[in-house]
Amino acid sequence: MENRPNLIVMLTHNDVTVQNAFDIFASCRELNVQHWGFKNVGLPKDEMRRLAQVMKEAGKTTYLEVVTYDEESCMEGAKTAVECGLDQLMGTLYFPSVHEYLKEHQVVYKPFVGNVYGSPSVLEGSFEEIIADAQNLIGQGITGIDILAYRHKDGEALAREFCRKVNCEICIAGSISSFERIDMMYEIAPWGFTIGSALFDGKYEKDQGFRENLMAVVNYMDKKAMSKRMLK
């Protein structure tokens, strides 16, 4: 089986869904990217619903990432995910009420772990505390974790240790902003990782737009997959 992490493209910049999300998705929908998402802030709910519908009509797997942390707003994000027909809810702090609601509506729940706060989000806590938090959530039936590894002061080391010790669908979220960090994703083998702001900021193709940056990432990942097949 090919050891290729899933790329989740987020139509977000600095943890806010961009105003031209529809146009950007339309310009990139034919690229080899199955997983697409956006945040629960930046667009009115009716536009979020329409954006999700367009993604689903294109055959994409869809995600809402919630970057608010109290139970009321987390539940509101969960209800938005259900109303919009999204496949997965990522982020939020874990709340049993949110978990039960999403299970009832067959939406996958990948909550944050560790001490997460702010927007853009910051992650704090020792490696041991963050890993213990994840193990506790797995014990409560969570099958996937959204970890803001590179928003931690020791991001690379945390990502490596977390993927080694936690057995579930791990998504590394935030600040995958270089080809070297994509290489790291292949090395530590999480289930997936998100890229959003880096595509808008031209981190992969300097002075180029979102589509050109996404094409650079897709082509890079395709070449890595081809190289692995040739080595077998």
# chains A, B, ... in the order shown; residues from 1 in each chain; ligands from 1
call {"tool": "residues_around", "arguments": {"residues": "stretch 77-85 of chain A", "least_positions_apart": "5", "cutoff": "8 Å", "atoms": "only C-alpha atoms", "output": "list in words"}}
result
Asn40, Lys45, Met48, Arg49, Arg50, Ala52, Gln53, Tyr63, Leu64, Val66, Val98, Tyr101, Leu102, His105 and Val107 of chain A
call {"tool": "select_by_dssp", "arguments": {"residues": "stretch 100-153 of chain A", "states": "strand (DSSP E or B)", "output": "list in words"}}
result
Val108, Tyr109, Lys110, Phe112, Asn115, Val116, Tyr117, Val122, Leu123, Glu124, Gly144, Ile145, Asp146 and Ile147 of chain A
call {"tool": "atom_distance", "arguments": {"atom1": "atom CA of A:Leu86", "atom2": "atom CA of A:Ile130"}}
result
27.2 Å
call {"tool": "closest_residue", "arguments": {"among": "A:Gly59, A:Gly91, A:Gly202, A:Pro96", "to": "A:Ala173", "atoms": "only C-alpha atoms"}}
result
A:Gly91
call {"tool": "residues_around", "arguments": {"residues": "A:Val9", "least_positions_apart": "4", "cutoff": "10 Å", "atoms": "only C-alpha atoms", "output": "count of residues only"}}
result
16
call {"tool": "closest_residue", "arguments": {"among": "A:Met10, A:Arg211, A:Asp70, A:Leu123", "to": "A:Ile176", "atoms": "only C-alpha atoms"}}
result
A:Met10
call {"tool": "closest_residue", "arguments": {"among": "A:Ala157, A:Cys28, A:Cys74, A:Ala134", "to": "A:Phe210", "atoms": "only C-alpha atoms"}}
result
A:Cys28
call {"tool": "atom_distance", "arguments": {"atom1": "atom CA of A:Asn14", "atom2": "atom CA of A:Pro120"}}
result
5.8 Å
call {"tool": "residues_around", "arguments": {"residues": "A:Phe162", "least_positions_apart": "3", "cutoff": "12 Å", "atoms": "only C-alpha atoms", "output": "MDAnalysis selection string"}}
result
chainID A and resid 113:114 126:135 145:149 154:159 165:172 188:190
call {"tool": "write_last_selection", "arguments": {"atoms": "N, CA, C and O atoms", "output": "short mmCIF file (atom, residue, chain, number, x, y, z; two decimals), in the first residue's frame"}}
result
data_model
loop_
_atom_site.label_atom_id
_atom_site.label_comp_id
_atom_site.auth_asym_id
_atom_site.auth_seq_id
_atom_site.Cartn_x
_atom_site.Cartn_y
_atom_site.Cartn_z
N VAL A 113 -6.06 18.41 20.07
CA VAL A 113 -5.53 17.92 21.35
C VAL A 113 -4.56 18.96 21.90
O VAL A 113 -4.02 19.79 21.18
N GLY A 114 -4.34 18.87 23.22
CA GLY A 114 -3.45 19.81 23.89
C GLY A 114 -4.17 21.09 24.27
O GLY A 114 -5.39 21.21 24.14
N SER A 126 3.22 19.92 27.19
CA SER A 126 4.35 19.00 26.99
C SER A 126 3.93 17.90 26.02
O SER A 126 2.74 17.64 25.82
N PHE A 127 4.93 17.24 25.42
CA PHE A 127 4.63 16.12 24.53
C PHE A 127 3.80 15.08 25.28
O PHE A 127 2.83 14.54 24.73
N GLU A 128 4.19 14.80 26.51
CA GLU A 128 3.50 13.77 27.29
C GLU A 128 2.04 14.14 27.52
O GLU A 128 1.14 13.29 27.40
N GLU A 129 1.77 15.41 27.83
CA GLU A 129 0.40 15.85 28.07
C GLU A 129 -0.44 15.77 26.79
O GLU A 129 -1.60 15.33 26.83
N ILE A 130 0.14 16.17 25.67
CA ILE A 130 -0.60 16.17 24.41
C ILE A 130 -0.90 14.74 23.97
O ILE A 130 -2.01 14.43 23.53
N ILE A 131 0.08 13.86 24.10
CA ILE A 131 -0.12 12.46 23.72
C ILE A 131 -1.13 11.80 24.65
O ILE A 131 -2.01 11.05 24.20
N ALA A 132 -1.06 12.10 25.95
CA ALA A 132 -2.03 11.54 26.90
C ALA A 132 -3.44 12.02 26.58
O ALA A 132 -4.42 11.26 26.70
N ASP A 133 -3.56 13.26 26.17
CA ASP A 133 -4.87 13.81 25.78
C ASP A 133 -5.43 13.00 24.61
O ASP A 133 -6.60 12.60 24.59
N ALA A 134 -4.58 12.73 23.61
CA ALA A 134 -5.01 11.96 22.46
C ALA A 134 -5.43 10.55 22.86
O ALA A 134 -6.47 10.03 22.40
N GLN A 135 -4.64 9.90 23.70
CA GLN A 135 -4.97 8.54 24.13
C GLN A 135 -6.30 8.51 24.88
O GLN A 135 -7.09 7.57 24.72
N ILE A 145 -7.52 12.52 15.08
CA ILE A 145 -7.07 13.68 15.85
C ILE A 145 -6.56 14.76 14.89
O ILE A 145 -5.87 14.47 13.92
N ASP A 146 -6.88 16.00 15.21
CA ASP A 146 -6.37 17.17 14.49
C ASP A 146 -5.34 17.83 15.40
O ASP A 146 -5.70 18.38 16.44
N ILE A 147 -4.07 17.75 15.04
CA ILE A 147 -3.03 18.30 15.91
C ILE A 147 -2.30 19.45 15.23
O ILE A 147 -1.82 19.32 14.10
N LEU A 148 -2.23 20.59 15.93
CA LEU A 148 -1.58 21.79 15.42
C LEU A 148 -0.09 21.74 15.73
O LEU A 148 0.46 22.62 16.41
N ALA A 149 0.57 20.72 15.24
CA ALA A 149 1.95 20.45 15.65
C ALA A 149 2.87 21.64 15.43
O ALA A 149 3.65 22.02 16.31
N ASP A 154 7.92 23.43 19.68
CA ASP A 154 8.79 22.34 19.24
C ASP A 154 8.06 21.49 18.20
O ASP A 154 7.94 20.27 18.34
N GLY A 155 7.56 22.15 17.16
CA GLY A 155 6.63 21.53 16.24
C GLY A 155 7.12 20.26 15.56
O GLY A 155 6.40 19.25 15.55
N GLU A 156 8.31 20.29 15.00
CA GLU A 156 8.78 19.12 14.25
C GLU A 156 8.97 17.92 15.17
O GLU A 156 8.55 16.80 14.85
N ALA A 157 9.58 18.14 16.32
CA ALA A 157 9.79 17.05 17.26
C ALA A 157 8.46 16.52 17.79
O ALA A 157 8.28 15.30 17.95
N LEU A 158 7.51 17.41 18.03
CA LEU A 158 6.18 16.98 18.49
C LEU A 158 5.50 16.14 17.42
O LEU A 158 4.93 15.08 17.73
N ALA A 159 5.52 16.60 16.19
CA ALA A 159 4.87 15.85 15.11
C ALA A 159 5.44 14.44 15.01
O ALA A 159 4.71 13.46 14.87
N LYS A 165 3.62 7.54 18.54
CA LYS A 165 2.99 6.99 19.74
C LYS A 165 1.47 6.93 19.71
O LYS A 165 0.87 6.26 20.55
N VAL A 166 0.84 7.63 18.78
CA VAL A 166 -0.63 7.69 18.74
C VAL A 166 -1.13 6.91 17.54
O VAL A 166 -0.72 7.16 16.41
N ASN A 167 -2.04 5.97 17.79
CA ASN A 167 -2.53 5.09 16.74
C ASN A 167 -3.97 5.44 16.38
O ASN A 167 -4.93 4.92 16.95
N CYS A 168 -4.11 6.38 15.46
CA CYS A 168 -5.43 6.75 14.93
C CYS A 168 -5.18 7.56 13.66
O CYS A 168 -4.04 7.69 13.23
N GLU A 169 -6.24 8.09 13.05
CA GLU A 169 -6.09 8.94 11.88
C GLU A 169 -5.62 10.32 12.34
O GLU A 169 -6.41 11.12 12.83
N ILE A 170 -4.33 10.58 12.18
CA ILE A 170 -3.75 11.85 12.63
C ILE A 170 -3.69 12.82 11.46
O ILE A 170 -3.18 12.49 10.39
N CYS A 171 -4.22 14.02 11.70
CA CYS A 171 -4.09 15.09 10.71
C CYS A 171 -3.21 16.18 11.30
O CYS A 171 -3.52 16.74 12.35
N ILE A 172 -2.09 16.47 10.63
CA ILE A 172 -1.21 17.56 11.03
C ILE A 172 -1.77 18.83 10.39
O ILE A 172 -1.80 18.97 9.17
N ILE A 188 7.08 10.83 8.64
CA ILE A 188 6.40 10.44 9.88
C ILE A 188 5.05 9.79 9.64
O ILE A 188 4.48 9.19 10.53
N ALA A 189 4.52 9.92 8.42
CA ALA A 189 3.35 9.18 7.95
C ALA A 189 2.08 9.38 8.78
O ALA A 189 1.48 8.43 9.25
N PRO A 190 1.62 10.65 8.94
CA PRO A 190 0.28 10.83 9.48
C PRO A 190 -0.75 10.41 8.44
O PRO A 190 -0.42 10.24 7.26
#
